[in-house]
>>> print(open('run_5.txt').read())   # compact mmCIF, C-alpha atoms
# COMPACT_ATOMS: atom_id res chain seq x y z
CA MET A 1 -182.57 13.21 59.19
CA SER A 2 -179.63 11.78 57.23
CA ASP A 3 -179.89 8.84 54.84
CA THR A 4 -177.96 6.74 57.33
CA ASP A 5 -180.40 7.52 60.11
CA SER A 6 -183.37 6.71 57.90
CA ASP A 7 -182.08 3.18 57.32
CA VAL A 8 -182.03 2.35 61.01
CA GLY A 9 -185.30 0.86 62.28
CA ASP A 10 -186.58 0.61 65.84
CA ALA A 11 -188.25 -2.26 67.66
CA ASP A 12 -191.75 -0.85 67.23
CA SER A 13 -191.44 -0.62 63.43
CA ILE A 14 -190.24 -4.22 62.87
CA ILE A 15 -192.90 -6.86 62.18
CA SER A 16 -192.74 -10.57 61.39
CA THR A 17 -194.82 -11.93 58.50
CA SER A 18 -196.18 -15.40 57.76
CA VAL A 19 -193.67 -15.82 54.92
CA LEU A 20 -190.69 -18.10 55.50
CA LEU A 21 -187.50 -16.95 53.81
CA GLY A 22 -184.86 -19.41 52.66
CA TYR A 23 -181.16 -18.60 52.83
CA ALA A 24 -178.32 -20.52 51.17
CA GLU A 25 -175.81 -21.89 53.68
CA GLU A 26 -172.58 -23.79 53.13
CA GLN A 27 -172.85 -25.52 56.50
CA PRO A 28 -175.51 -28.22 57.13
CA THR A 29 -178.82 -27.03 58.61
CA GLU A 30 -181.70 -28.78 60.36
CA ASP A 31 -183.21 -29.75 57.00
CA PRO A 32 -181.00 -32.35 55.25
CA ILE A 33 -183.37 -32.72 52.29
CA SER A 34 -183.77 -29.16 50.99
CA GLN A 35 -180.94 -27.69 48.94
CA LEU A 36 -180.11 -25.03 46.39
CA GLY A 37 -178.37 -26.45 43.32
CA GLY A 38 -176.43 -29.72 43.50
CA THR A 39 -177.71 -33.13 42.39
CA PRO A 40 -181.19 -34.44 43.22
CA LYS A 41 -181.79 -36.71 46.21
CA TRP A 42 -184.67 -38.99 45.34
CA MET A 43 -187.49 -40.10 47.63
CA HIS A 44 -185.95 -43.58 47.65
CA PRO A 45 -182.51 -44.59 46.28
CA SER A 46 -184.12 -47.02 43.82
CA SER A 47 -186.95 -44.64 42.82
CA PRO A 48 -185.63 -41.81 40.62
CA ALA A 49 -188.05 -39.68 38.63
CA ASP A 50 -188.50 -40.17 34.91
CA SER A 51 -185.75 -37.99 33.40
CA ARG A 52 -188.25 -36.63 30.87
CA LEU A 53 -189.68 -34.51 33.69
CA ALA A 54 -186.37 -32.61 33.84
CA LYS A 55 -185.92 -32.04 30.10
CA CYS A 56 -186.44 -28.66 28.47
CA SER A 57 -189.74 -28.50 26.57
CA ASN A 58 -188.00 -26.59 23.76
CA CYS A 59 -184.64 -28.30 23.08
CA ASN A 60 -185.30 -31.60 24.91
CA ARG A 61 -181.97 -31.32 26.71
CA LEU A 62 -181.59 -32.39 30.32
CA MET A 63 -181.79 -29.31 32.52
CA SER A 64 -179.87 -28.36 35.68
CA LEU A 65 -181.31 -28.56 39.20
CA LEU A 66 -182.03 -25.14 40.73
CA LEU A 67 -183.82 -26.22 43.91
CA GLN A 68 -184.86 -29.26 45.90
CA LEU A 69 -187.35 -28.49 48.67
CA ASN A 70 -188.83 -30.63 51.43
CA GLY A 71 -192.59 -30.10 51.12
CA ASP A 72 -194.04 -32.21 53.97
CA ILE A 73 -197.25 -30.59 55.21
CA PRO A 74 -199.66 -31.34 58.09
CA GLU A 75 -202.72 -32.20 55.98
CA THR A 76 -201.10 -35.05 54.05
CA PRO A 77 -199.71 -38.23 55.61
CA HIS A 78 -197.21 -38.81 52.80
CA GLU A 79 -193.80 -37.30 52.10
CA ARG A 80 -193.43 -34.54 49.48
CA VAL A 81 -190.31 -33.14 47.80
CA PHE A 82 -190.15 -30.51 45.04
CA TYR A 83 -187.54 -30.29 42.28
CA VAL A 84 -187.09 -27.14 40.14
CA TRP A 85 -185.01 -27.32 36.94
CA ALA A 86 -183.78 -24.74 34.38
CA CYS A 87 -182.39 -25.04 30.87
CA ARG A 88 -178.92 -23.56 30.31
CA HIS A 89 -179.33 -23.36 26.51
CA LYS A 90 -179.66 -19.61 25.94
CA PRO A 91 -182.00 -19.80 22.87
CA CYS A 92 -184.55 -21.50 25.17
CA TRP A 93 -184.55 -18.73 27.77
CA ARG A 94 -187.78 -16.77 28.17
CA LYS A 95 -189.67 -19.60 26.50
CA LYS A 96 -192.34 -21.64 28.22
CA GLY A 97 -190.96 -24.95 29.46
CA SER A 98 -187.36 -23.75 29.93
CA ILE A 99 -187.99 -23.86 33.70
CA ARG A 100 -189.96 -26.81 35.06
CA ALA A 101 -190.87 -28.22 38.46
CA PHE A 102 -192.21 -31.55 39.64
CA ARG A 103 -193.29 -33.02 42.95
CA GLY A 104 -192.14 -36.35 44.34
CA VAL A 105 -194.49 -38.24 46.67
CA ARG A 106 -193.71 -41.22 48.86
CA VAL A 107 -196.64 -43.00 50.46
CA VAL A 108 -195.72 -44.97 53.54
CA ASN A 109 -198.34 -47.59 54.27
CA THR A 110 -199.26 -47.65 57.96
CA PRO A 111 -201.71 -50.20 59.36
CA ALA A 112 -205.17 -49.02 60.39
CA PRO A 113 -205.97 -49.13 64.14
CA ALA A 114 -207.84 -52.43 63.90
CA GLU A 115 -205.06 -54.00 61.83
CA ALA A 116 -202.47 -52.77 64.31
CA ASP A 117 -204.38 -54.36 67.20
CA ASN A 118 -204.60 -57.67 65.35
CA LYS A 119 -200.85 -57.50 64.69
CA LYS A 120 -200.21 -56.92 68.39
CA LYS A 121 -202.25 -60.00 69.25
CA THR A 122 -200.42 -62.07 66.65
CA ASP A 123 -196.98 -60.90 67.78
CA ALA A 124 -197.73 -61.39 71.48
CA SER A 125 -196.49 -64.57 73.15
CA PRO A 126 -199.45 -66.99 73.11
CA LEU A 127 -200.61 -68.79 76.25
CA PRO A 128 -199.52 -72.42 76.57
CA PRO A 129 -201.98 -74.89 74.99
CA PRO A 130 -204.56 -76.33 77.40
CA ALA A 131 -202.89 -79.75 77.40
CA GLU A 132 -199.68 -78.31 78.82
CA LYS A 133 -201.37 -76.32 81.60
CA LYS A 134 -201.27 -77.57 85.18
CA LYS A 135 -204.65 -78.61 86.45
CA GLU A 136 -205.33 -75.96 89.05
CA PRO A 137 -208.66 -74.61 90.26
CA VAL A 138 -209.59 -71.30 88.75
CA ASN A 139 -210.12 -68.47 91.22
CA THR A 140 -213.08 -66.70 89.55
CA GLY A 141 -212.95 -63.76 91.91
CA ALA A 142 -209.28 -63.15 91.21
CA PHE A 143 -209.96 -63.34 87.45
CA LEU A 144 -212.72 -60.72 87.58
CA PHE A 145 -211.25 -58.29 90.10
CA GLY A 146 -207.61 -58.19 88.97
CA THR A 147 -205.80 -60.23 91.63
CA GLY A 148 -203.90 -63.46 91.58
CA PRO A 149 -201.98 -65.02 88.70
CA PHE A 150 -204.20 -63.54 85.96
CA ALA A 151 -203.41 -60.00 87.08
CA GLN A 152 -199.69 -60.74 87.45
CA GLY A 153 -199.06 -62.80 84.32
CA GLY A 154 -200.93 -61.31 81.33
CA VAL A 155 -201.54 -57.94 79.74
CA ASN A 156 -204.69 -57.14 77.80
CA PRO A 157 -203.56 -56.89 74.18
CA PHE A 158 -206.37 -54.39 73.50
CA ALA A 159 -205.48 -52.02 76.37
CA SER A 160 -203.96 -48.64 75.61
CA PRO A 161 -200.47 -48.07 77.08
CA SER A 162 -200.31 -45.63 79.94
CA SER A 163 -198.87 -42.21 79.21
CA SER A 164 -195.33 -41.53 80.40
CA SER A 165 -192.32 -39.46 79.53
CA SER A 166 -190.97 -42.35 77.44
CA THR A 167 -193.97 -42.41 75.12
CA PRO A 168 -192.77 -42.01 71.51
CA THR A 169 -193.23 -38.62 69.94
CA ALA A 170 -196.53 -38.28 68.10
CA ASN A 171 -196.51 -37.51 64.40
CA PRO A 172 -196.72 -33.68 64.24
CA PHE A 173 -198.39 -33.89 60.83
CA SER A 174 -201.25 -36.07 62.11
CA THR A 175 -204.64 -34.46 62.79
CA THR A 176 -206.12 -37.46 64.61
CA THR A 177 -205.12 -39.50 67.63
CA THR A 178 -203.88 -43.05 67.32
CA ALA A 179 -205.53 -44.51 70.42
CA ASN A 180 -206.81 -48.11 70.17
CA PRO A 181 -210.58 -47.83 69.50
CA PHE A 182 -211.14 -51.16 71.28
CA SER A 183 -209.38 -50.08 74.44
CA THR A 184 -211.39 -49.91 77.68
CA ASN A 185 -208.54 -48.27 79.59
CA THR A 186 -209.20 -50.35 82.71
CA THR A 187 -205.63 -51.08 83.80
CA THR A 188 -205.58 -51.21 87.61
CA ALA A 189 -202.95 -49.93 89.98
CA THR A 190 -201.80 -53.49 90.68
CA SER A 191 -201.20 -54.29 87.01
CA PRO A 192 -197.66 -53.62 85.78
CA PRO A 193 -197.59 -51.15 82.88
CA PRO A 194 -196.49 -52.53 79.51
CA ALA A 195 -192.92 -51.86 78.45
CA ALA A 196 -192.62 -48.63 76.49
CA PRO A 197 -191.09 -48.87 73.00
CA ALA A 198 -187.91 -47.01 72.17
CA PRO A 199 -188.56 -43.31 71.41
CA LYS A 200 -188.74 -42.33 67.74
CA PRO A 201 -186.48 -39.60 66.36
CA GLU A 202 -187.83 -36.08 66.19
CA PRO A 203 -189.40 -35.14 62.82
CA LEU A 204 -187.34 -33.06 60.42
CA LYS A 205 -187.76 -29.31 60.47
CA THR A 206 -188.97 -28.17 57.05
CA PHE A 207 -190.28 -24.97 55.51
CA ALA A 208 -193.79 -26.38 55.42
CA SER A 209 -193.82 -27.83 58.93
CA ALA A 210 -192.55 -24.55 60.34
CA LEU A 211 -195.75 -22.85 59.24
CA SER A 212 -197.91 -25.65 60.74
CA HIS A 213 -201.12 -24.87 58.89
CA ASN A 214 -203.83 -27.29 60.00
CA LEU A 215 -205.50 -27.55 56.63
CA PRO A 216 -208.32 -29.97 55.68
CA ALA A 217 -207.32 -33.26 54.09
CA ALA A 218 -207.52 -33.47 50.33
CA ALA A 219 -210.32 -35.52 48.79
CA ALA A 220 -209.59 -38.66 46.81
CA ALA A 221 -208.61 -37.87 43.24
CA PRO A 222 -209.79 -39.62 40.08
CA GLN A 223 -207.30 -41.70 38.13
CA PRO A 224 -205.64 -39.49 35.48
CA THR A 225 -203.97 -40.24 32.17
CA PRO A 226 -200.25 -41.08 32.60
CA GLN A 227 -197.81 -38.24 31.93
CA PHE A 228 -195.63 -40.40 29.70
CA TYR A 229 -195.99 -43.62 27.78
CA GLY A 230 -193.41 -46.36 27.74
CA PRO A 231 -190.68 -47.13 30.27
CA PRO A 232 -189.03 -44.25 32.18
CA GLU A 233 -185.94 -42.72 30.61
CA PRO A 234 -182.80 -43.25 32.73
CA TRP A 235 -180.54 -40.49 34.05
CA PRO A 236 -177.01 -40.09 32.67
CA GLU A 237 -174.11 -40.52 35.07
CA PRO A 238 -172.73 -38.06 35.77
CA LEU A 239 -175.28 -35.35 35.00
CA PRO A 240 -174.28 -33.00 32.16
CA HIS A 241 -174.14 -30.01 34.50
CA THR A 242 -174.72 -29.27 38.17
CA TYR A 243 -174.69 -25.99 40.05
CA PRO A 244 -172.86 -25.61 43.38
CA SER A 245 -174.82 -27.14 46.24
CA TYR A 246 -176.01 -25.22 49.30
CA HIS A 247 -178.04 -26.15 52.33
CA LEU A 248 -181.18 -24.14 53.08
CA ASP A 249 -182.01 -22.40 56.33
CA ALA A 250 -185.44 -20.90 57.04
CA GLU A 251 -186.67 -18.03 59.18
CA HIS A 252 -189.74 -15.82 59.20
CA GLU A 253 -189.61 -12.61 57.21
CA HIS A 254 -189.02 -9.44 59.24
CA LEU A 255 -189.98 -6.08 57.77
CA ASP A 256 -189.53 -2.46 58.73
CA THR A 257 -192.98 -0.94 58.31
CA ARG A 258 -191.72 2.58 57.80
CA ALA A 259 -192.10 3.69 54.19
CA PRO A 260 -188.74 4.06 52.42
CA ALA A 261 -187.93 7.45 50.94
CA LEU A 262 -187.78 7.65 47.13
CA PRO A 263 -184.82 9.29 45.42
CA LYS A 264 -185.60 12.78 44.14
CA ASN A 265 -185.23 11.78 40.49
CA VAL A 266 -187.70 8.86 40.67
CA GLN A 267 -191.47 8.94 40.36
CA ILE A 268 -194.02 6.13 40.74
CA VAL A 269 -196.24 5.42 37.73
CA ASP A 270 -198.80 2.77 36.88
CA THR A 271 -199.67 3.39 33.26
CA ASP A 272 -199.40 1.40 30.03
CA GLU A 273 -196.59 3.69 28.90
CA TYR A 274 -194.16 1.56 30.92
CA ALA A 275 -195.99 -1.72 30.62
CA ASP A 276 -193.10 -3.62 29.01
CA THR A 277 -190.38 -2.74 31.47
CA PRO A 278 -190.14 -2.40 35.26
CA MET A 279 -187.89 0.65 35.00
CA SER A 280 -187.52 3.12 32.13
CA ASN A 281 -185.03 5.99 31.92
CA SER A 282 -186.30 9.28 30.58
CA ALA A 283 -184.26 10.96 27.84
CA GLU A 284 -184.93 14.39 29.33
CA GLY A 285 -183.56 15.30 32.72
CA GLY A 286 -182.28 11.81 33.54
CA GLU A 287 -185.40 10.99 35.61
CA SER A 288 -186.69 7.45 36.06
CA SER A 289 -190.22 6.11 36.20
CA VAL A 290 -190.78 2.94 38.21
CA ASP A 291 -193.67 0.53 37.82
CA LYS A 292 -195.57 0.08 41.09
CA THR A 293 -195.45 -3.73 40.95
CA PHE A 294 -191.70 -3.83 40.47
CA ARG A 295 -191.21 -1.13 43.10
CA LYS A 296 -193.12 -3.21 45.63
CA PHE A 297 -191.01 -6.24 44.72
CA ALA A 298 -187.74 -4.31 45.01
CA ASP A 299 -188.69 -2.67 48.33
CA ARG A 300 -189.72 -6.00 49.87
CA VAL A 301 -186.59 -7.83 48.74
CA GLU A 302 -184.31 -4.97 49.77
CA GLN A 303 -185.15 -5.55 53.42
CA ASN A 304 -183.84 -9.14 53.25
CA PRO A 305 -181.62 -9.05 50.16
CA GLU A 306 -179.99 -12.48 50.57
CA GLN A 307 -183.23 -14.45 50.43
CA VAL A 308 -183.17 -17.16 47.77
CA LEU A 309 -186.64 -18.53 48.50
CA ARG A 310 -190.04 -17.35 49.74
CA TYR A 311 -192.37 -20.03 51.15
CA GLU A 312 -196.00 -19.47 52.11
CA ARG A 313 -198.33 -22.31 51.18
CA LYS A 314 -201.78 -20.95 50.24
CA GLY A 315 -200.27 -17.48 50.48
CA THR A 316 -199.69 -14.80 47.85
CA PRO A 317 -196.68 -14.64 45.52
CA LEU A 318 -194.66 -11.45 45.24
CA LEU A 319 -194.84 -10.38 41.58
CA TYR A 320 -191.81 -9.10 39.73
CA SER A 321 -193.96 -7.57 36.96
CA LYS A 322 -197.65 -7.21 36.27
CA ASP A 323 -197.43 -7.01 32.49
CA ASP A 324 -195.79 -10.26 31.38
CA GLU A 325 -197.68 -13.50 30.80
CA THR A 326 -197.32 -14.68 34.41
CA GLY A 327 -198.20 -11.28 35.87
CA LYS A 328 -201.35 -11.01 33.77
CA LEU A 329 -202.39 -14.51 34.81
CA LEU A 330 -201.87 -13.94 38.54
CA LEU A 331 -203.11 -10.35 38.82
CA ALA A 332 -206.91 -10.26 39.07
CA ALA A 333 -209.10 -7.47 37.74
CA ASP A 334 -209.51 -6.04 41.25
CA GLY A 335 -205.73 -5.68 41.60
CA GLU A 336 -205.35 -8.66 43.94
CA VAL A 337 -202.78 -11.37 43.26
CA SER A 338 -204.35 -14.82 43.03
CA VAL A 339 -203.51 -18.26 41.59
CA LYS A 340 -207.15 -19.15 40.87
CA ARG A 341 -206.52 -18.93 37.12
CA VAL A 342 -203.46 -21.19 37.23
CA PRO A 343 -204.09 -24.44 35.30
CA PRO A 344 -205.41 -27.24 37.55
CA CYS A 345 -203.29 -30.17 38.67
CA GLY A 346 -202.50 -32.50 35.78
CA ALA A 347 -202.92 -35.55 38.01
CA CYS A 348 -206.24 -34.90 39.78
CA ARG A 349 -207.62 -31.79 37.96
CA LYS A 350 -208.06 -29.94 41.25
CA GLN A 351 -207.08 -26.31 41.78
CA ARG A 352 -203.46 -25.67 42.70
CA VAL A 353 -202.30 -23.22 45.39
CA PHE A 354 -199.21 -21.04 45.64
CA GLU A 355 -196.45 -22.74 47.62
CA PHE A 356 -193.09 -21.02 47.02
CA GLN A 357 -191.03 -18.84 44.68
CA MET A 358 -187.32 -18.52 43.94
CA MET A 359 -185.69 -15.11 44.26
CA PRO A 360 -182.96 -13.34 42.21
CA TYR A 361 -180.21 -13.77 44.83
CA ALA A 362 -180.30 -17.49 44.09
CA ILE A 363 -178.74 -16.71 40.70
CA SER A 364 -175.78 -15.02 42.39
CA MET A 365 -175.19 -18.09 44.55
CA LEU A 366 -175.65 -20.66 41.78
CA GLU A 367 -173.45 -18.83 39.25
CA ARG A 368 -170.77 -17.64 41.66
CA ASP A 369 -168.04 -19.69 39.95
CA GLU A 370 -169.03 -18.89 36.36
CA ALA A 371 -167.08 -16.30 34.40
CA GLY A 372 -168.87 -13.34 32.82
CA LEU A 373 -172.28 -11.83 33.42
CA ASP A 374 -174.18 -13.75 30.75
CA GLY A 375 -176.16 -15.91 33.17
CA MET A 376 -179.76 -16.69 34.08
CA GLU A 377 -182.17 -13.82 33.51
CA TRP A 378 -185.28 -14.58 35.54
CA GLY A 379 -186.56 -12.15 38.17
CA THR A 380 -188.58 -14.73 40.10
CA VAL A 381 -189.88 -18.28 39.60
CA VAL A 382 -193.37 -18.89 41.06
CA VAL A 383 -194.50 -22.48 41.77
CA ALA A 384 -198.11 -23.53 42.42
CA THR A 385 -198.75 -27.06 43.68
CA CYS A 386 -201.27 -29.74 44.60
CA VAL A 387 -201.41 -32.32 47.41
CA CYS A 388 -202.73 -35.34 45.48
CA VAL A 389 -201.02 -38.71 45.29
CA PRO A 390 -199.73 -39.58 41.78
CA ALA A 391 -201.72 -42.29 40.04
CA VAL A 392 -198.65 -44.46 39.46
CA LEU A 393 -196.51 -45.48 42.45
CA ASP A 394 -193.60 -47.91 42.33
CA ALA A 395 -192.81 -50.74 44.73
CA GLN A 396 -191.45 -48.23 47.27
CA GLY A 397 -194.66 -46.16 47.15
CA VAL A 398 -192.94 -43.35 45.19
CA GLY A 399 -194.43 -41.35 42.33
CA TYR A 400 -193.83 -38.01 40.60
CA VAL A 401 -196.10 -35.40 39.02
CA GLU A 402 -195.32 -32.11 37.29
CA GLU A 403 -196.38 -28.81 38.88
CA TRP A 404 -197.08 -25.34 37.48
CA VAL A 405 -194.21 -22.85 37.09
CA GLY A 406 -194.57 -19.16 36.30
CA ALA A 407 -191.21 -17.61 35.41
CA GLN A 408 -190.95 -13.82 35.33
CA TRP A 409 -187.95 -12.63 33.32
CA GLU A 410 -185.78 -9.56 33.70
CA SER A 411 -186.56 -6.69 31.36
CA THR A 412 -184.50 -6.46 28.18
CA LYS A 413 -185.27 -2.74 27.66
>>> encode(input="run_5.txt", output="structure tokens")
Amino acid sequence: MSDTDSDVGDADSIISTSVLLGYAEEQPTEDPISQLGGTPKWMHPSSPADSRLAKCSNCNRLMSLLLQLNGDIPETPHERVFYVWACRHKPCWRKKGSIRAFRGVRVVNTPAPAEADNKKKTDASPLPPPAEKKKEPVNTGAFLFGTGPFAQGGVNPFASPSSSSSTPTANPFSTTTTANPFSTNTTTATSPPPAAPAPKPEPLKTFASALSHNLPAAAAAPQPTPQFYGPPEPWPEPLPHTYPSYHLDAEHEHLDTRAPALPKNVQIVDTDEYADTPMSNSAEGGESSVDKTFRKFADRVEQNPEQVLRYERKGTPLLYSKDDETGKLLLAADGEVSVKRVPPCGACRKQRVFEFQMMPYAISMLERDEAGLDGMEWGTVVVATCVCVPAVLDAQGVGYVEEWVGAQWESTK
């Protein structure tokens, strides 16, 4: 079989995984919030994050936005957006804090069922006061059995509206129904149904909502220490540097399950001899030895080479190396990749979970207009997150909290 033939898969060998891949697009997609590069879009126009969250931990310079990602998920009723930033000052590269990420949260207060019912009663047109009523005998039978003026003139403010095609779309992120708990559902055939409200717009399609994991709700978190003291630092206008902006499109990962053939001059190793570099060239014979972790990364990415993002909340990150600081933290003793040893959330002290990682092709897209090859040098950027609500929210219900980032850098050897 020729090399060309070996690259052609068949329908039986192609599988779809639970990972959502993100692709950079110049044309708008169904998700108007997520983007690669560009300038940040805040949760509310008057609620920007504290600019200190986007400053390099080494040089204290304002960093450039790599990614903004819509993170709405089914188990939380509030809105979530992630922002990933990177320092362009080369002496800071490969240092902790030169790539940072934070999560924006917007809590929209919705009335509880009982409060909503009381509001309906308050907003409803009240009956005329007794003094203004005409003195007419009351037909008790008509009142009890749903006939006469009482059946024709009033609607029970506690009754649930009847289902119809014009019923507004239910919140896809909600795990409970919103039926009125006081409703007796006794509307008779002779009673006119209440007017249906105007339909609500369909919810946005996001990476997280596409997976639709029905996960348990997070427990209430204790009040943490504030991230910063003093008033927030403002953002300069314009920003010192911005990368080109792209929209993001998502689709499930498709893989060819057939094992790829290795070149004749390459062998797979998993020893400490090559611990510091994914690939090492031998001085004798021109052969190469490839680390298993990097080989797995390269083979997986090769099947969808233009992916800029991998999203799988509570999934498993794809490691670029097993021997750097991030690889040693995420690779357990049994060889399994896990985020259990990632530092807990700084806001609620609960364990974080893997949510997404940025992939090397994103560098090609972000630096497409920059001259030379002296650009960003990371192999992947892994982000683990929490679902808690920040302790401090502004008047619009918006708050921000930093998340954990594990950057894996390209080998320098």
>>> atom_distance(input="run_5.txt", atom1="CA of Phe294 in chain A", atom2="CA of Ser321 in chain A")
5.6 Å
>>> atom_distance(input="run_5.txt", atom1="CA of Thr380 in chain A", atom2="CA of Pro236 in chain A")
28.8 Å
>>> closest_residue(input="run_5.txt", among="A:Ser64, A:Asn109, A:Ser18, A:Thr316", to="Leu331 in chain A", atoms="all atoms listed in the file")
A:Thr316
>>> residues_around(input="run_5.txt", residues="Gly104 in chain A", least_positions_apart="2", cutoff="10 Å", atoms="all atoms listed in the file", output="ChimeraX atom specification")
/A:42-43,47-49,70-71,79-83,102,106,389-390,398-402
>>> atom_distance(input="run_5.txt", atom1="CA of Leu69 in chain A", atom2="CA of Glu355 in chain A")
10.8 Å
>>> residues_around(input="run_5.txt", residues="Tyr243 in chain A", least_positions_apart="6", cutoff="8 Å", atoms="only C-alpha atoms", output="count of residues only")
7
